[in-house]
Amino acid sequence: MKAVVYDALGSVGLSDIDVPKPAADEVLIRVEASGVCHTDIEILHGGYGNADFPLVPGHEYAGTVEEVGADVKGFKAGDRVVVDPNLSCGTCRACRRGLTNLCETLGAYGVSTNGGFAEYSTVKAENLVSIGDMPFDMAALAEPMGCVLNGGP
Ligand SMILES: [Zn+2]
Ligand SMILES: [Zn+2]
């Protein structure tokens with residue numbers, strides 16, 4: 001599949017990589033819309049995240065379920081979904097208080113693991129939200145909208 005790949009610090013290109021296989025708790029989605037964020041530039045230049053390359057960026061995306069992992073319940077092929085990109089540990093002090101956005105080891109699709117600037121992406125089922133008939137490009141704005149609503153003091 002075609003994917004935007006950050007190969008190294010400051011180096012980005014269009015690559016051909018394997019379609020990922022969903023793990024038991026993951027879903028393979030066909031990406032339909034993926035937003036561009038200033039954070040993507042920060043990641044490329046090492047100003048955000050761990051510069052752990054190669055990496056497919058893109059943390060604001062929506063798509064169609066293509067295939068579900070063996071243990072996934074609640075999603076099936078053809079479902080329209082948006083990705084909550086944040087990956088929290090669930091066990092640190094912040095996570096135990098329900099503040100998963102402040103997780104001490106917070107990662108995210110498109111930041112610490114491959115994200116949505118590709119034809120397909122594997123995402124944990126618990127990180128997906130159904131969007132009904134909402135347009136994909138609008139659904140992809142859920143993450144930035146969440147930042148606007150919840151950011152600040
Ligand atoms: Zn962003
Ligand atoms: Zn945590």
# chains A, B, ... in the order shown; residues from 1 in each chain; ligands from 1

$ residues_around --residues "Cys147 in chain A" --least-positions-apart "3" --cutoff "12 Å" --atoms "only C-alpha atoms" --output "ChimeraX atom specification"
/A:37,60,84-86,101,141-144,150-152

$ residues_near_ligand --ligand "ligand 2" --cutoff "8 Å" --atoms "only C-alpha atoms and all ligand atoms" --output "list of chain:residue names"
A:Ser88, A:Cys89, A:Gly90, A:Thr91, A:Cys92, A:Arg93, A:Ala94, A:Cys95, A:Arg96, A:Thr100, A:Leu102, A:Cys103, A:Glu104, A:Thr105, A:Leu106

$ closest_residue --among "A:Gly35, A:Pro57, A:Gly146, A:Gly49" --to "Leu14 in chain A" --atoms "only C-alpha atoms"
A:Pro57

$ residues_around --residues "Gly58 in chain A" --least-positions-apart "3" --cutoff "7 Å" --atoms "only C-alpha atoms" --output "mmCIF file with N, CA and C atoms, in the first residue's frame"
data_model
loop_
_atom_site.group_PDB
_atom_site.id
_atom_site.type_symbol
_atom_site.label_atom_id
_atom_site.label_comp_id
_atom_site.auth_asym_id
_atom_site.auth_seq_id
_atom_site.Cartn_x
_atom_site.Cartn_y
_atom_site.Cartn_z
ATOM 1 N N SER A 34 -7.662 11.906 6.387
ATOM 2 C CA SER A 34 -6.605 12.030 7.380
ATOM 3 C C SER A 34 -6.150 13.486 7.426
ATOM 4 N N GLY A 35 -6.235 14.106 8.581
ATOM 5 C CA GLY A 35 -5.911 15.520 8.714
ATOM 6 C C GLY A 35 -4.417 15.775 8.846
ATOM 7 N N VAL A 36 -3.999 16.943 8.393
ATOM 8 C CA VAL A 36 -2.613 17.385 8.551
ATOM 9 C C VAL A 36 -2.568 18.349 9.723
ATOM 10 N N GLY A 110 0.348 7.570 14.804
ATOM 11 C CA GLY A 110 0.898 8.677 14.038
ATOM 12 C C GLY A 110 2.000 9.429 14.770
ATOM 13 N N GLY A 115 0.378 5.617 11.882
ATOM 14 C CA GLY A 115 -0.922 6.274 11.887
ATOM 15 C C GLY A 115 -1.600 6.287 10.531
ATOM 16 N N GLY A 116 -2.286 7.400 10.253
ATOM 17 C CA GLY A 116 -3.272 7.424 9.184
ATOM 18 C C GLY A 116 -2.888 7.989 7.834
ATOM 19 N N PHE A 117 -1.617 8.290 7.604
ATOM 20 C CA PHE A 117 -1.230 8.737 6.264
ATOM 21 C C PHE A 117 -0.839 7.537 5.414
#

$ residues_around --residues "Val72 in chain A" --least-positions-apart "2" --cutoff "8 Å" --atoms "only C-alpha atoms" --output "list in words"
Ala24, Asp25, Glu26, Val27, Val68, Gly69, Ala70, Gly74, Phe75 and Ala125 of chain A

$ residues_around --residues "Ser11 in chain A" --least-positions-apart "3" --cutoff "10 Å" --atoms "only C-alpha atoms" --output "PyMOL selection string"
chain A and resi 5-8+44-45+53-54

$ closest_residue --among "A:Val65, A:Val123, A:Val56, A:Leu99" --to "Ser15 in chain A" --atoms "only C-alpha atoms"
A:Val56

$ select_by_dssp --residues "range 7-76 of chain A" --states "strand (DSSP E or B)" --output "PyMOL selection string"
chain A and resi 7-8+11-16+26-34+55+61-68

$ closest_residue --among "A:Leu128, A:Val111, A:Leu149, A:Ala118" --to "ligand 1" --atoms "only C-alpha atoms and all ligand atoms"
A:Val111

$ atom_distance --atom1 "CA of Phe136 in chain A" --atom2 "CA of Val82 in chain A"
7.9 Å

$ residues_around --residues "Tyr120 in chain A" --least-positions-apart "6" --cutoff "8 Å" --atoms "only C-alpha atoms" --output "PyMOL selection string"
chain A and resi 1+19-20+28-31

$ decode --residues "range 49-93 of chain A" --atoms "N, CA and C atoms" --output "mmCIF file, in the first residue's frame"
data_model
loop_
_atom_site.group_PDB
_atom_site.id
_atom_site.type_symbol
_atom_site.label_atom_id
_atom_site.label_comp_id
_atom_site.auth_asym_id
_atom_site.auth_seq_id
_atom_site.Cartn_x
_atom_site.Cartn_y
_atom_site.Cartn_z
ATOM 1 N N GLY A 49 7.345 13.757 20.455
ATOM 2 C CA GLY A 49 7.486 12.307 20.352
ATOM 3 C C GLY A 49 8.940 11.891 20.491
ATOM 4 N N ASN A 50 9.236 10.638 20.173
ATOM 5 C CA ASN A 50 10.570 10.080 20.414
ATOM 6 C C ASN A 50 11.418 9.941 19.162
ATOM 7 N N ALA A 51 10.972 10.523 18.044
ATOM 8 C CA ALA A 51 11.710 10.414 16.780
ATOM 9 C C ALA A 51 12.073 8.964 16.504
ATOM 10 N N ASP A 52 11.124 8.085 16.758
ATOM 11 C CA ASP A 52 11.342 6.655 16.552
ATOM 12 C C ASP A 52 10.896 6.302 15.129
ATOM 13 N N PHE A 53 11.813 6.439 14.178
ATOM 14 C CA PHE A 53 11.518 6.235 12.761
ATOM 15 C C PHE A 53 12.015 4.881 12.278
ATOM 16 N N PRO A 54 11.475 4.282 11.211
ATOM 17 C CA PRO A 54 10.443 4.828 10.327
ATOM 18 C C PRO A 54 9.066 4.887 10.998
ATOM 19 N N LEU A 55 8.275 5.883 10.575
ATOM 20 C CA LEU A 55 6.953 6.095 11.156
ATOM 21 C C LEU A 55 5.999 6.611 10.082
ATOM 22 N N VAL A 56 4.797 6.040 10.065
ATOM 23 C CA VAL A 56 3.715 6.604 9.250
ATOM 24 C C VAL A 56 3.008 7.617 10.130
ATOM 25 N N PRO A 57 3.066 8.920 9.796
ATOM 26 C CA PRO A 57 2.398 9.922 10.632
ATOM 27 C C PRO A 57 0.886 9.930 10.381
ATOM 28 N N GLY A 58 0.196 10.883 10.996
ATOM 29 C CA GLY A 58 -1.246 11.021 10.815
ATOM 30 C C GLY A 58 -1.997 10.550 12.045
ATOM 31 N N HIS A 59 -2.518 11.502 12.839
ATOM 32 C CA HIS A 59 -3.223 11.126 14.077
ATOM 33 C C HIS A 59 -4.668 11.623 14.085
ATOM 34 N N GLU A 60 -5.139 12.144 12.949
ATOM 35 C CA GLU A 60 -6.520 12.640 12.855
ATOM 36 C C GLU A 60 -7.149 11.946 11.659
ATOM 37 N N TYR A 61 -7.757 10.772 11.883
ATOM 38 C CA TYR A 61 -8.231 10.069 10.699
ATOM 39 C C TYR A 61 -9.462 9.207 10.950
ATOM 40 N N ALA A 62 -10.146 8.988 9.847
ATOM 41 C CA ALA A 62 -11.387 8.213 9.871
ATOM 42 C C ALA A 62 -11.383 7.277 8.671
ATOM 43 N N GLY A 63 -12.150 6.192 8.765
ATOM 44 C CA GLY A 63 -12.163 5.247 7.664
ATOM 45 C C GLY A 63 -13.232 4.183 7.808
ATOM 46 N N THR A 64 -13.071 3.155 6.989
ATOM 47 C CA THR A 64 -14.020 2.043 6.949
ATOM 48 C C THR A 64 -13.342 0.778 7.448
ATOM 49 N N VAL A 65 -14.027 0.046 8.316
ATOM 50 C CA VAL A 65 -13.473 -1.214 8.825
ATOM 51 C C VAL A 65 -13.361 -2.207 7.671
ATOM 52 N N GLU A 66 -12.156 -2.781 7.525
ATOM 53 C CA GLU A 66 -11.889 -3.734 6.453
ATOM 54 C C GLU A 66 -11.871 -5.162 7.009
ATOM 55 N N GLU A 67 -11.294 -5.305 8.212
ATOM 56 C CA GLU A 67 -11.091 -6.642 8.789
ATOM 57 C C GLU A 67 -10.968 -6.464 10.299
ATOM 58 N N VAL A 68 -11.501 -7.407 11.070
ATOM 59 C CA VAL A 68 -11.390 -7.300 12.529
ATOM 60 C C VAL A 68 -10.562 -8.456 13.081
ATOM 61 N N GLY A 69 -9.818 -8.189 14.171
ATOM 62 C CA GLY A 69 -9.026 -9.214 14.843
ATOM 63 C C GLY A 69 -9.936 -10.233 15.517
ATOM 64 N N ALA A 70 -9.340 -11.375 15.888
ATOM 65 C CA ALA A 70 -10.105 -12.529 16.402
ATOM 66 C C ALA A 70 -10.938 -12.197 17.633
ATOM 67 N N ASP A 71 -10.436 -11.305 18.502
ATOM 68 C CA ASP A 71 -11.146 -11.034 19.764
ATOM 69 C C ASP A 71 -12.027 -9.787 19.715
ATOM 70 N N VAL A 72 -12.108 -9.147 18.564
ATOM 71 C CA VAL A 72 -12.838 -7.872 18.486
ATOM 72 C C VAL A 72 -14.344 -8.107 18.437
ATOM 73 N N LYS A 73 -15.034 -7.389 19.335
ATOM 74 C CA LYS A 73 -16.491 -7.422 19.326
ATOM 75 C C LYS A 73 -16.983 -5.985 19.092
ATOM 76 N N GLY A 74 -18.121 -5.851 18.448
ATOM 77 C CA GLY A 74 -18.711 -4.526 18.309
ATOM 78 C C GLY A 74 -18.379 -3.811 17.010
ATOM 79 N N PHE A 75 -17.455 -4.353 16.214
ATOM 80 C CA PHE A 75 -17.163 -3.781 14.900
ATOM 81 C C PHE A 75 -17.144 -4.895 13.863
ATOM 82 N N LYS A 76 -17.538 -4.529 12.649
ATOM 83 C CA LYS A 76 -17.514 -5.503 11.556
ATOM 84 C C LYS A 76 -17.116 -4.788 10.275
ATOM 85 N N ALA A 77 -16.728 -5.558 9.284
ATOM 86 C CA ALA A 77 -16.324 -4.984 7.997
ATOM 87 C C ALA A 77 -17.431 -4.077 7.472
ATOM 88 N N GLY A 78 -17.024 -2.911 6.976
ATOM 89 C CA GLY A 78 -17.984 -1.965 6.419
ATOM 90 C C GLY A 78 -18.383 -0.854 7.385
ATOM 91 N N ASP A 79 -18.099 -1.047 8.693
ATOM 92 C CA ASP A 79 -18.443 0.005 9.663
ATOM 93 C C ASP A 79 -17.624 1.264 9.400
ATOM 94 N N ARG A 80 -18.238 2.420 9.617
ATOM 95 C CA ARG A 80 -17.561 3.706 9.428
ATOM 96 C C ARG A 80 -17.121 4.205 10.803
ATOM 97 N N VAL A 81 -15.830 4.507 10.942
ATOM 98 C CA VAL A 81 -15.268 4.805 12.266
ATOM 99 C C VAL A 81 -14.281 5.979 12.218
ATOM 100 N N VAL A 82 -14.084 6.584 13.396
ATOM 101 C CA VAL A 82 -13.025 7.568 13.572
ATOM 102 C C VAL A 82 -12.082 7.037 14.647
ATOM 103 N N VAL A 83 -10.808 7.440 14.570
ATOM 104 C CA VAL A 83 -9.776 6.947 15.482
ATOM 105 C C VAL A 83 -9.536 7.945 16.612
ATOM 106 N N ASP A 84 -9.574 7.433 17.855
ATOM 107 C CA ASP A 84 -9.046 8.191 18.995
ATOM 108 C C ASP A 84 -7.577 7.773 19.065
ATOM 109 N N PRO A 85 -6.639 8.672 18.684
ATOM 110 C CA PRO A 85 -5.257 8.226 18.486
ATOM 111 C C PRO A 85 -4.471 7.962 19.776
ATOM 112 N N ASN A 86 -4.944 8.449 20.914
ATOM 113 C CA ASN A 86 -4.117 8.372 22.120
ATOM 114 C C ASN A 86 -4.029 6.965 22.690
ATOM 115 N N LEU A 87 -2.792 6.581 23.050
ATOM 116 C CA LEU A 87 -2.518 5.269 23.628
ATOM 117 C C LEU A 87 -1.969 5.485 25.039
ATOM 118 N N SER A 88 -2.804 5.232 26.048
ATOM 119 C CA SER A 88 -2.386 5.425 27.435
ATOM 120 C C SER A 88 -2.126 4.079 28.090
ATOM 121 N N CYS A 89 -1.306 4.080 29.164
ATOM 122 C CA CYS A 89 -0.862 2.808 29.753
ATOM 123 C C CYS A 89 -1.918 2.179 30.648
ATOM 124 N N GLY A 90 -2.773 3.002 31.255
ATOM 125 C CA GLY A 90 -3.818 2.475 32.130
ATOM 126 C C GLY A 90 -3.380 2.199 33.553
ATOM 127 N N THR A 91 -2.078 2.316 33.834
ATOM 128 C CA THR A 91 -1.611 1.940 35.173
ATOM 129 C C THR A 91 -0.854 3.046 35.916
ATOM 130 N N CYS A 92 -0.399 4.078 35.231
ATOM 131 C CA CYS A 92 0.361 5.123 35.928
ATOM 132 C C CYS A 92 -0.592 5.967 36.789
ATOM 133 N N ARG A 93 -0.044 6.888 37.589
ATOM 134 C CA ARG A 93 -0.858 7.678 38.512
ATOM 135 C C ARG A 93 -1.952 8.449 37.784
#
